[in-house]
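Engineer: Could you have a look at this structure, given as structure tokens, before my questions?
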Amino acid sequence: FKSPMKKKVLLMGASGSGKTSMRSLIFSNNPASLTSRLGATIDVEQNHVRFLGDLILNLWDCGGQDAFMDSYLSTQQSTIFQHVGVLIYVFEVESRSVVRDLEYYAECLYALKKYSPEAAVFLLVHKMDLVRAPKEAVLEKKTVELKQASGDTEITVFGTSIYDESLYKAWSSIVHTLIPNASVLTRHLTKLADACSATEVILFERTTFLVIATSSHPPSPSAPTPLELPPSSPPPASTPSTLSSFGTHTSRLSAKTDDEDPHKLNPTRYERTSELIKAFKHSCARVRDEFHALEMELADFTAVLDELTKNTYVLIVVHDPTIGKSMCIYIIRVGS
Ligand code: GTP
């Protein structure tokens with residue numbers, strides 16, 4: 001019997017920066033529209049999320065009001081900052097107290113170095129949907145500012161918003177670093193892809209629908225750098241609520257983006273799928289139905305999304321016209 005591995009994830013940042021909102025979207029399947037009703041977090045809210053069979057995320061959502069921050073940095077310092085696997089620090093992109101935000105961040109980083117020097121640090125420049133100026137430029141400027149404030153600590157910066165898939169991209173990347181056997185998973189997915197001539201096979205965690213691993217089979221996703229933003233600024237949360245909109249959206253996800261290169265797929269397809277399935281699951285819950293699986297056989301591709309294990313779903317995308325959805329389903333059954 002192997003006891004599950006626990007990873008402590010600290011979620012910190014100023015009050016109102018959006019920490020609880022992102023937690024409720026990703027881990028509790030709540031829609032973005034309901035986040036405005038969330039109250040301020042009092043002290044620390046701890047959640048245990050069984051992420052994969054043997055990985056438990058111990059999420060510490062640390063209320064960001066000054067009094068709490070001061071306490072984390074003084075009397076509670078060792079409790080908060082010891083045994084941390086990952087620190088996620090959230091900055092509101094249009095914060096009116098940039099200097100104070102950076103001061104608190106620097107102090108947290110100092111405490112983290114002292115108690116958990118090995119912890120990975122991810123910085124989210126959040127509420128990017130509110131930015132009117134070109135988003136890329138704003139994010140780049142912020143990134144430079146945050147790198148300066150981080151000294152020699154290695155950091156990864158993402159631009160995020162609860163109103164588009166950027167949040168899923170950031171959280172998938174973060175969680176990916178916590179999965180101990182990620183490369184083994186990739187190898188298995190590649191085998192699965194080979195077995196049914198799939199263009200791509202993607203593994204999702206069941207509750208959050210975050211991407212755990214993808215097959216490395218060609219086409220290798222032209223993965224955008226963490227700095228890369230979604231192609232355009234999306235309108236706030238018009239969540240798809242019907243299967244047909246899933247179909248349309250997915251065909252867009254998998255549609256060829258370059259006539260010359262049939263394998264050039266949309267670089268944001270993973271996180272868009274996560275976002276879409278979560279929205280679809282939410283719609284199912286609203287009509288008291290449960291989401292089980294999705295199968296699509298369209299003119300230029302077949303896609304099957306089904307349960308692989310107790311904690312995972314797998315999506316198989318095939319462009320080979322000789323491989324139908326029943327073949328994909330059979331392969332998933334054999335693989336699970
Ligand atoms: P504390 O609990 O006090 O530390 O605050 P918090 O960081 O948990 O903030 P919370 O999640 O409660 O969010 C504050 C407000 O920001 C809510 O009204 C959310 O709807 C809003 N919000 C969260 N994320 C976004 C986002 O990406 N864009 C926009 N426009 N608003 C957001």
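Ligands are numbered from 1 in the order shown, chains are lettered A, B, ... in the order of the structure tokens, and residues start at 1 in each chain.
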Considering only C-alpha atoms and all ligand atoms, tabulate each residue of chain A that lies at most 6 Å from ligand 1 along with its nearest interatomic pair and the corresponding distance in Å to one decimal; arrange the rows by chain and ascending residue number and present them as JSON lines.

Structural biologist:
```
{"residue": "A:Ala14", "atom": "CA", "partner": "ligand 1", "partner_atom_place_in_ligand_line": "4 (O)", "distance": 5.9}
{"residue": "A:Ser15", "atom": "CA", "partner": "ligand 1", "partner_atom_place_in_ligand_line": "3 (O)", "distance": 3.6}
{"residue": "A:Gly16", "atom": "CA", "partner": "ligand 1", "partner_atom_place_in_ligand_line": "9 (O)", "distance": 3.5}
{"residue": "A:Ser17", "atom": "CA", "partner": "ligand 1", "partner_atom_place_in_ligand_line": "7 (O)", "distance": 4.0}
{"residue": "A:Gly18", "atom": "CA", "partner": "ligand 1", "partner_atom_place_in_ligand_line": "11 (O)", "distance": 3.4}
{"residue": "A:Lys19", "atom": "CA", "partner": "ligand 1", "partner_atom_place_in_ligand_line": "7 (O)", "distance": 3.8}
{"residue": "A:Thr20", "atom": "CA", "partner": "ligand 1", "partner_atom_place_in_ligand_line": "11 (O)", "distance": 3.7}
{"residue": "A:Ser21", "atom": "CA", "partner": "ligand 1", "partner_atom_place_in_ligand_line": "11 (O)", "distance": 3.6}
{"residue": "A:Thr35", "atom": "CA", "partner": "ligand 1", "partner_atom_place_in_ligand_line": "20 (O)", "distance": 4.2}
{"residue": "A:Ser36", "atom": "CA", "partner": "ligand 1", "partner_atom_place_in_ligand_line": "18 (O)", "distance": 3.5}
{"residue": "A:Leu38", "atom": "CA", "partner": "ligand 1", "partner_atom_place_in_ligand_line": "12 (O)", "distance": 5.2}
{"residue": "A:Gly39", "atom": "CA", "partner": "ligand 1", "partner_atom_place_in_ligand_line": "12 (O)", "distance": 5.7}
{"residue": "A:Ala40", "atom": "CA", "partner": "ligand 1", "partner_atom_place_in_ligand_line": "2 (O)", "distance": 3.6}
{"residue": "A:Thr41", "atom": "CA", "partner": "ligand 1", "partner_atom_place_in_ligand_line": "2 (O)", "distance": 3.5}
{"residue": "A:Gly63", "atom": "CA", "partner": "ligand 1", "partner_atom_place_in_ligand_line": "4 (O)", "distance": 3.7}
{"residue": "A:Gly64", "atom": "CA", "partner": "ligand 1", "partner_atom_place_in_ligand_line": "4 (O)", "distance": 3.6}
{"residue": "A:Gln65", "atom": "CA", "partner": "ligand 1", "partner_atom_place_in_ligand_line": "3 (O)", "distance": 5.6}
{"residue": "A:His126", "atom": "CA", "partner": "ligand 1", "partner_atom_place_in_ligand_line": "27 (O)", "distance": 5.7}
{"residue": "A:Lys127", "atom": "CA", "partner": "ligand 1", "partner_atom_place_in_ligand_line": "27 (O)", "distance": 3.6}
{"residue": "A:Asp129", "atom": "CA", "partner": "ligand 1", "partner_atom_place_in_ligand_line": "28 (N)", "distance": 5.8}
{"residue": "A:Leu130", "atom": "CA", "partner": "ligand 1", "partner_atom_place_in_ligand_line": "30 (N)", "distance": 5.6}
{"residue": "A:Ser161", "atom": "CA", "partner": "ligand 1", "partner_atom_place_in_ligand_line": "27 (O)", "distance": 3.4}
{"residue": "A:Ile162", "atom": "CA", "partner": "ligand 1", "partner_atom_place_in_ligand_line": "27 (O)", "distance": 3.9}
{"residue": "A:Tyr163", "atom": "CA", "partner": "ligand 1", "partner_atom_place_in_ligand_line": "27 (O)", "distance": 5.9}
```

Engineer: Keeping only all heavy atoms, write the selected residues to a file as a compact mmCIF listing (two decimals), in the first residue's frame.

Structural biologist:
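Writing done, so here's again05.txt:
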```
# COMPACT_ATOMS: atom_id res chain seq x y z
N ALA A 14 -2.73 40.03 -2.84
CA ALA A 14 -3.51 41.06 -2.14
C ALA A 14 -5.00 40.70 -2.10
O ALA A 14 -5.49 39.93 -2.93
CB ALA A 14 -3.33 42.40 -2.86
N SER A 15 -5.69 41.29 -1.14
CA SER A 15 -7.13 41.08 -1.03
C SER A 15 -7.83 41.56 -2.30
O SER A 15 -7.53 42.65 -2.80
CB SER A 15 -7.65 41.85 0.19
OG SER A 15 -9.02 41.64 0.33
N GLY A 16 -8.72 40.76 -2.82
CA GLY A 16 -9.47 41.16 -4.01
C GLY A 16 -8.75 40.87 -5.32
O GLY A 16 -9.26 41.17 -6.40
N SER A 17 -7.56 40.27 -5.24
CA SER A 17 -6.82 40.01 -6.49
C SER A 17 -7.44 38.85 -7.28
O SER A 17 -7.16 38.70 -8.47
CB SER A 17 -5.33 39.74 -6.21
OG SER A 17 -5.19 38.67 -5.30
N GLY A 18 -8.25 38.03 -6.63
CA GLY A 18 -8.96 36.99 -7.38
C GLY A 18 -8.59 35.56 -7.01
O GLY A 18 -8.92 34.63 -7.75
N LYS A 19 -7.97 35.34 -5.86
CA LYS A 19 -7.49 34.00 -5.50
C LYS A 19 -8.66 33.02 -5.30
O LYS A 19 -8.67 31.94 -5.88
CB LYS A 19 -6.68 34.07 -4.18
CG LYS A 19 -5.48 34.99 -4.27
CD LYS A 19 -4.76 35.07 -2.96
CE LYS A 19 -5.55 35.76 -1.85
NZ LYS A 19 -5.86 37.18 -2.11
N THR A 20 -9.63 33.43 -4.48
CA THR A 20 -10.73 32.50 -4.20
C THR A 20 -11.56 32.27 -5.46
O THR A 20 -12.07 31.18 -5.68
CB THR A 20 -11.60 33.05 -3.04
OG1 THR A 20 -10.74 33.36 -1.95
CG2 THR A 20 -12.62 32.02 -2.58
N SER A 21 -11.67 33.29 -6.30
CA SER A 21 -12.43 33.13 -7.55
C SER A 21 -11.81 32.03 -8.41
O SER A 21 -12.51 31.16 -8.91
CB SER A 21 -12.41 34.42 -8.36
OG SER A 21 -12.93 35.48 -7.61
N THR A 35 -18.51 34.52 -9.08
CA THR A 35 -17.40 34.84 -8.18
C THR A 35 -17.57 36.18 -7.48
O THR A 35 -16.99 36.40 -6.43
CB THR A 35 -16.05 34.86 -8.92
OG1 THR A 35 -16.13 35.85 -9.96
CG2 THR A 35 -15.70 33.51 -9.51
N SER A 36 -18.38 37.08 -8.05
CA SER A 36 -18.54 38.38 -7.41
C SER A 36 -19.26 38.26 -6.07
O SER A 36 -19.23 39.16 -5.24
CB SER A 36 -19.30 39.33 -8.34
OG SER A 36 -20.53 38.75 -8.66
N LEU A 38 -18.45 36.06 -3.81
CA LEU A 38 -17.55 35.49 -2.80
C LEU A 38 -17.13 36.55 -1.80
O LEU A 38 -16.79 37.66 -2.17
CB LEU A 38 -16.29 34.92 -3.48
CG LEU A 38 -16.49 33.72 -4.41
CD1 LEU A 38 -15.24 33.46 -5.23
CD2 LEU A 38 -16.84 32.48 -3.59
N GLY A 39 -17.13 36.17 -0.53
CA GLY A 39 -16.68 37.11 0.49
C GLY A 39 -15.17 37.04 0.62
O GLY A 39 -14.53 36.14 0.06
N ALA A 40 -14.59 37.99 1.36
CA ALA A 40 -13.15 37.97 1.58
C ALA A 40 -12.79 36.73 2.41
O ALA A 40 -13.56 36.32 3.29
CB ALA A 40 -12.71 39.23 2.32
N THR A 41 -11.66 36.15 2.09
CA THR A 41 -11.22 34.96 2.83
C THR A 41 -10.66 35.39 4.18
O THR A 41 -9.84 36.30 4.27
CB THR A 41 -10.12 34.22 2.03
OG1 THR A 41 -10.65 33.94 0.74
CG2 THR A 41 -9.70 32.93 2.71
N GLY A 63 -6.08 34.45 2.81
CA GLY A 63 -6.77 35.74 2.72
C GLY A 63 -5.75 36.88 2.63
O GLY A 63 -4.74 36.86 3.35
N GLY A 64 -6.01 37.85 1.76
CA GLY A 64 -4.96 38.83 1.45
C GLY A 64 -5.07 40.17 2.17
O GLY A 64 -4.30 41.09 1.88
N GLN A 65 -6.02 40.29 3.12
CA GLN A 65 -6.10 41.58 3.81
C GLN A 65 -4.83 41.80 4.63
O GLN A 65 -4.23 40.85 5.14
CB GLN A 65 -7.34 41.60 4.71
CG GLN A 65 -8.64 41.64 3.89
CD GLN A 65 -9.88 41.55 4.77
OE1 GLN A 65 -9.87 42.01 5.91
NE2 GLN A 65 -10.91 40.95 4.25
N HIS A 126 -3.19 38.82 -12.94
CA HIS A 126 -4.58 38.40 -13.08
C HIS A 126 -5.51 39.56 -13.47
O HIS A 126 -5.15 40.72 -13.32
CB HIS A 126 -5.00 37.78 -11.75
CG HIS A 126 -6.28 37.03 -11.82
ND1 HIS A 126 -6.54 36.06 -12.76
CD2 HIS A 126 -7.42 37.12 -11.06
CE1 HIS A 126 -7.76 35.59 -12.58
NE2 HIS A 126 -8.32 36.22 -11.56
N LYS A 127 -6.69 39.19 -13.93
CA LYS A 127 -7.74 40.10 -14.43
C LYS A 127 -7.28 40.79 -15.71
O LYS A 127 -7.53 41.98 -15.92
CB LYS A 127 -8.14 41.15 -13.37
CG LYS A 127 -8.57 40.55 -12.02
CD LYS A 127 -9.30 41.55 -11.15
CE LYS A 127 -9.59 40.97 -9.77
NZ LYS A 127 -10.27 41.88 -8.88
N ASP A 129 -8.47 40.53 -18.48
CA ASP A 129 -9.62 40.98 -19.29
C ASP A 129 -9.91 42.47 -19.11
O ASP A 129 -10.55 43.09 -19.95
CB ASP A 129 -10.86 40.15 -18.90
CG ASP A 129 -11.17 40.23 -17.41
OD1 ASP A 129 -10.41 39.66 -16.61
OD2 ASP A 129 -12.13 40.88 -17.04
N LEU A 130 -9.42 43.05 -18.01
CA LEU A 130 -9.70 44.48 -17.77
C LEU A 130 -8.74 45.41 -18.52
O LEU A 130 -8.98 46.61 -18.59
CB LEU A 130 -9.59 44.78 -16.26
CG LEU A 130 -10.58 44.03 -15.35
CD1 LEU A 130 -10.33 44.38 -13.89
CD2 LEU A 130 -12.02 44.39 -15.73
N SER A 161 -7.09 35.31 -16.58
CA SER A 161 -8.39 35.91 -16.35
C SER A 161 -9.37 34.77 -16.12
O SER A 161 -9.23 33.70 -16.73
CB SER A 161 -8.83 36.71 -17.57
OG SER A 161 -10.22 36.94 -17.51
N ILE A 162 -10.34 34.99 -15.24
CA ILE A 162 -11.33 33.92 -15.04
C ILE A 162 -12.31 33.86 -16.22
O ILE A 162 -13.12 32.96 -16.30
CB ILE A 162 -12.13 34.08 -13.72
CG1 ILE A 162 -12.82 35.45 -13.63
CG2 ILE A 162 -11.26 33.83 -12.51
CD1 ILE A 162 -13.83 35.55 -12.49
N TYR A 163 -12.25 34.85 -17.10
CA TYR A 163 -13.21 34.89 -18.21
C TYR A 163 -12.71 34.26 -19.50
O TYR A 163 -13.34 34.40 -20.54
CB TYR A 163 -13.64 36.34 -18.46
CG TYR A 163 -14.41 36.90 -17.29
CD1 TYR A 163 -13.90 37.95 -16.55
CD2 TYR A 163 -15.62 36.34 -16.91
CE1 TYR A 163 -14.60 38.45 -15.45
CE2 TYR A 163 -16.32 36.82 -15.82
CZ TYR A 163 -15.81 37.88 -15.09
OH TYR A 163 -16.49 38.35 -14.01
```

Engineer: Enumerate as a PyMOL selection string all residues of stretch 22-192 of chain A assigned to strand (DSSP E or B) by DSSP on the backbone, naming them with the chain letters and numbers the document uses.

Structural biologist: chain A and resi 44-52+55-62+84-92+120-126+155-160

Engineer: Could those selected residues go to a file with N, CA and C atoms, as a tab-separated table (two decimals), in the first residue's frame?

Structural biologist:
```tsv
chain	number	residue	atom	x	y	z
A	44	VAL	N	-6.70	31.61	6.63
A	44	VAL	CA	-6.35	30.66	5.57
A	44	VAL	C	-7.47	29.64	5.41
A	45	GLU	N	-7.88	29.39	4.15
A	45	GLU	CA	-8.83	28.31	3.90
A	45	GLU	C	-8.07	27.16	3.27
A	46	GLN	N	-8.11	26.02	3.93
A	46	GLN	CA	-7.37	24.87	3.40
A	46	GLN	C	-8.29	23.89	2.71
A	47	ASN	N	-7.85	23.40	1.56
A	47	ASN	CA	-8.62	22.37	0.85
A	47	ASN	C	-7.70	21.23	0.48
A	48	HIS	N	-8.23	20.03	0.57
A	48	HIS	CA	-7.47	18.89	0.06
A	48	HIS	C	-8.15	18.42	-1.21
A	49	VAL	N	-7.42	18.40	-2.28
A	49	VAL	CA	-8.01	17.94	-3.53
A	49	VAL	C	-7.23	16.72	-3.97
A	50	ARG	N	-7.93	15.57	-4.06
A	50	ARG	CA	-7.24	14.37	-4.56
A	50	ARG	C	-7.11	14.56	-6.06
A	51	PHE	N	-5.90	14.82	-6.50
A	51	PHE	CA	-5.75	15.23	-7.88
A	51	PHE	C	-5.66	14.03	-8.81
A	52	LEU	N	-4.73	13.16	-8.52
A	52	LEU	CA	-4.70	11.88	-9.22
A	52	LEU	C	-4.78	10.86	-8.09
A	55	LEU	N	-1.90	11.54	-5.74
A	55	LEU	CA	-1.41	12.91	-5.53
A	55	LEU	C	-2.53	13.77	-4.94
A	56	ILE	N	-2.24	14.27	-3.75
A	56	ILE	CA	-3.24	15.14	-3.11
A	56	ILE	C	-2.69	16.56	-3.06
A	57	LEU	N	-3.45	17.49	-3.59
A	57	LEU	CA	-3.05	18.90	-3.50
A	57	LEU	C	-3.62	19.47	-2.21
A	58	ASN	N	-2.74	20.02	-1.42
A	58	ASN	CA	-3.17	20.65	-0.17
A	58	ASN	C	-3.11	22.16	-0.42
A	59	LEU	N	-4.27	22.70	-0.77
A	59	LEU	CA	-4.32	24.08	-1.25
A	59	LEU	C	-4.60	25.04	-0.10
A	60	TRP	N	-3.69	26.00	0.11
A	60	TRP	CA	-3.87	26.98	1.18
A	60	TRP	C	-4.22	28.32	0.53
A	61	ASP	N	-5.48	28.69	0.60
A	61	ASP	CA	-5.92	29.98	0.05
A	61	ASP	C	-5.77	31.00	1.19
A	62	CYS	N	-4.78	31.87	1.08
A	62	CYS	CA	-4.44	32.78	2.18
A	62	CYS	C	-5.12	34.13	1.96
A	84	VAL	N	6.32	23.84	1.59
A	84	VAL	CA	5.57	24.31	0.41
A	84	VAL	C	6.15	23.69	-0.86
A	85	GLY	N	5.26	23.15	-1.71
A	85	GLY	CA	5.71	22.63	-3.01
A	85	GLY	C	5.70	23.73	-4.05
A	86	VAL	N	4.64	24.54	-4.00
A	86	VAL	CA	4.47	25.60	-5.00
A	86	VAL	C	3.87	26.84	-4.34
A	87	LEU	N	4.43	27.99	-4.67
A	87	LEU	CA	3.79	29.25	-4.29
A	87	LEU	C	3.18	29.86	-5.55
A	88	ILE	N	1.88	30.15	-5.46
A	88	ILE	CA	1.23	30.87	-6.57
A	88	ILE	C	0.88	32.25	-6.01
A	89	TYR	N	1.48	33.27	-6.56
A	89	TYR	CA	1.22	34.63	-6.05
A	89	TYR	C	0.44	35.40	-7.11
A	90	VAL	N	-0.70	35.94	-6.70
A	90	VAL	CA	-1.59	36.59	-7.66
A	90	VAL	C	-1.47	38.12	-7.56
A	91	PHE	N	-1.21	38.76	-8.70
A	91	PHE	CA	-1.15	40.22	-8.77
A	91	PHE	C	-2.28	40.72	-9.66
A	92	GLU	N	-3.00	41.69	-9.16
A	92	GLU	CA	-4.05	42.27	-10.00
A	92	GLU	C	-3.35	43.17	-11.02
A	120	ALA	N	8.65	25.85	-6.02
A	120	ALA	CA	8.56	26.55	-7.31
A	120	ALA	C	7.67	27.78	-7.13
A	121	VAL	N	7.97	28.84	-7.89
A	121	VAL	CA	7.20	30.08	-7.74
A	121	VAL	C	6.53	30.44	-9.07
A	122	PHE	N	5.21	30.58	-9.02
A	122	PHE	CA	4.44	30.99	-10.20
A	122	PHE	C	3.72	32.29	-9.88
A	123	LEU	N	3.83	33.24	-10.78
A	123	LEU	CA	3.18	34.53	-10.56
A	123	LEU	C	2.08	34.71	-11.60
A	124	LEU	N	0.90	35.03	-11.12
A	124	LEU	CA	-0.21	35.23	-12.05
A	124	LEU	C	-0.54	36.72	-12.11
A	125	VAL	N	-0.42	37.28	-13.29
A	125	VAL	CA	-0.85	38.66	-13.50
A	125	VAL	C	-2.31	38.54	-13.91
A	126	HIS	N	-3.19	38.82	-12.94
A	126	HIS	CA	-4.58	38.40	-13.08
A	126	HIS	C	-5.51	39.56	-13.47
A	155	ILE	N	11.24	32.41	-11.53
A	155	ILE	CA	9.78	32.55	-11.51
A	155	ILE	C	9.20	32.25	-12.89
A	156	THR	N	7.94	31.87	-12.90
A	156	THR	CA	7.22	31.71	-14.17
A	156	THR	C	5.99	32.60	-14.09
A	157	VAL	N	5.81	33.43	-15.11
A	157	VAL	CA	4.71	34.39	-15.08
A	157	VAL	C	3.64	34.01	-16.12
A	158	PHE	N	2.39	34.08	-15.70
A	158	PHE	CA	1.28	33.87	-16.64
A	158	PHE	C	0.32	35.05	-16.55
A	159	GLY	N	-0.23	35.44	-17.68
A	159	GLY	CA	-1.32	36.41	-17.69
A	159	GLY	C	-2.61	35.61	-17.61
A	160	THR	N	-3.50	35.95	-16.67
A	160	THR	CA	-4.71	35.13	-16.51
A	160	THR	C	-5.97	35.97	-16.35
```

Engineer: Hey, which of A:Val99, A:Leu34, A:Val201, A:Met12 ends up closest to A:Ile80? Count only C-alpha atoms.

Structural biologist: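 Closest candidate: A:Met12.
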
Engineer: Can you tell me, as number ranges by chain, what residues are no more than 9 Å from A:Ala198 when counting only C-alpha atoms, ignoring any on the same chain fewer than 4 positions away?

Structural biologist: A: 192-194, 217, 316-320, 323, 328

Engineer: Just want the 12 Å neighbourhood of A:Gln77, counted on only C-alpha atoms, with same-chain residues fewer than 3 positions away dropped. Output as a list of chain:residue names.

Structural biologist: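 Within the cut-off, the hits are A:Phe68, A:Met69, A:Asp70, A:Ser71, A:Tyr72, A:Leu73, A:Ser74, A:Ile80, A:Phe81, A:Gln82, A:His83, A:Glu107, A:Cys108, A:Leu109, A:Tyr110, A:Ala111, A:Leu112, A:Lys113, A:Lys114, A:Tyr115, A:Ser116.
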
Engineer: Kindly indicate which residue among A:Asp300, A:Glu200, A:Glu290, A:Asp54 lies nearest to A:Leu315, using only C-alpha atoms for the distances.

Structural biologist: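 Checking each of A:Asp300, A:Glu200, A:Glu290, A:Asp54 against A:Leu315, counting only C-alpha atoms, the winner is A:Glu200.
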
Engineer: Mind the document's chain letters and residue numbers, and return as a PyMOL selection string the residues of stretch 70-247 of chain A that DSSP labels helix (DSSP H, G or I).

Structural biologist: chain A and resi 70-73+77-81+98-115+128-130+135-150+166-178+182-195+243-247

Engineer: Hey, which of A:Leu305, A:Ala106, A:Ala67, A:Leu298 ends up closest to A:Lys147? Count only C-alpha atoms.

Structural biologist: A:Ala106

Engineer: Please list as number ranges by chain every residue within 10 Å of A:Arg272, counting only C-alpha atoms and excluding residues in the same chain fewer than 2 positions away.

Structural biologist: A: 164-169, 230, 249-250, 253, 266-270, 274-278

Engineer: Distance atom CA of A:Ser28-atom CA of A:Ser78, one decimal place?

Structural biologist: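 Atom-to-atom, atom CA of A:Ser28 to atom CA of A:Ser78, that is 28.7 Å.
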
Engineer: Extract, using only C-alpha atoms, all DNA, RNA and protein residues at most 8 Å from stretch 329-331 of chain A, discarding same-chain residues fewer than 5 positions from it, and format them as an MDAnalysis selection string.

Structural biologist: chainID A and resid 192 195:196 304 306
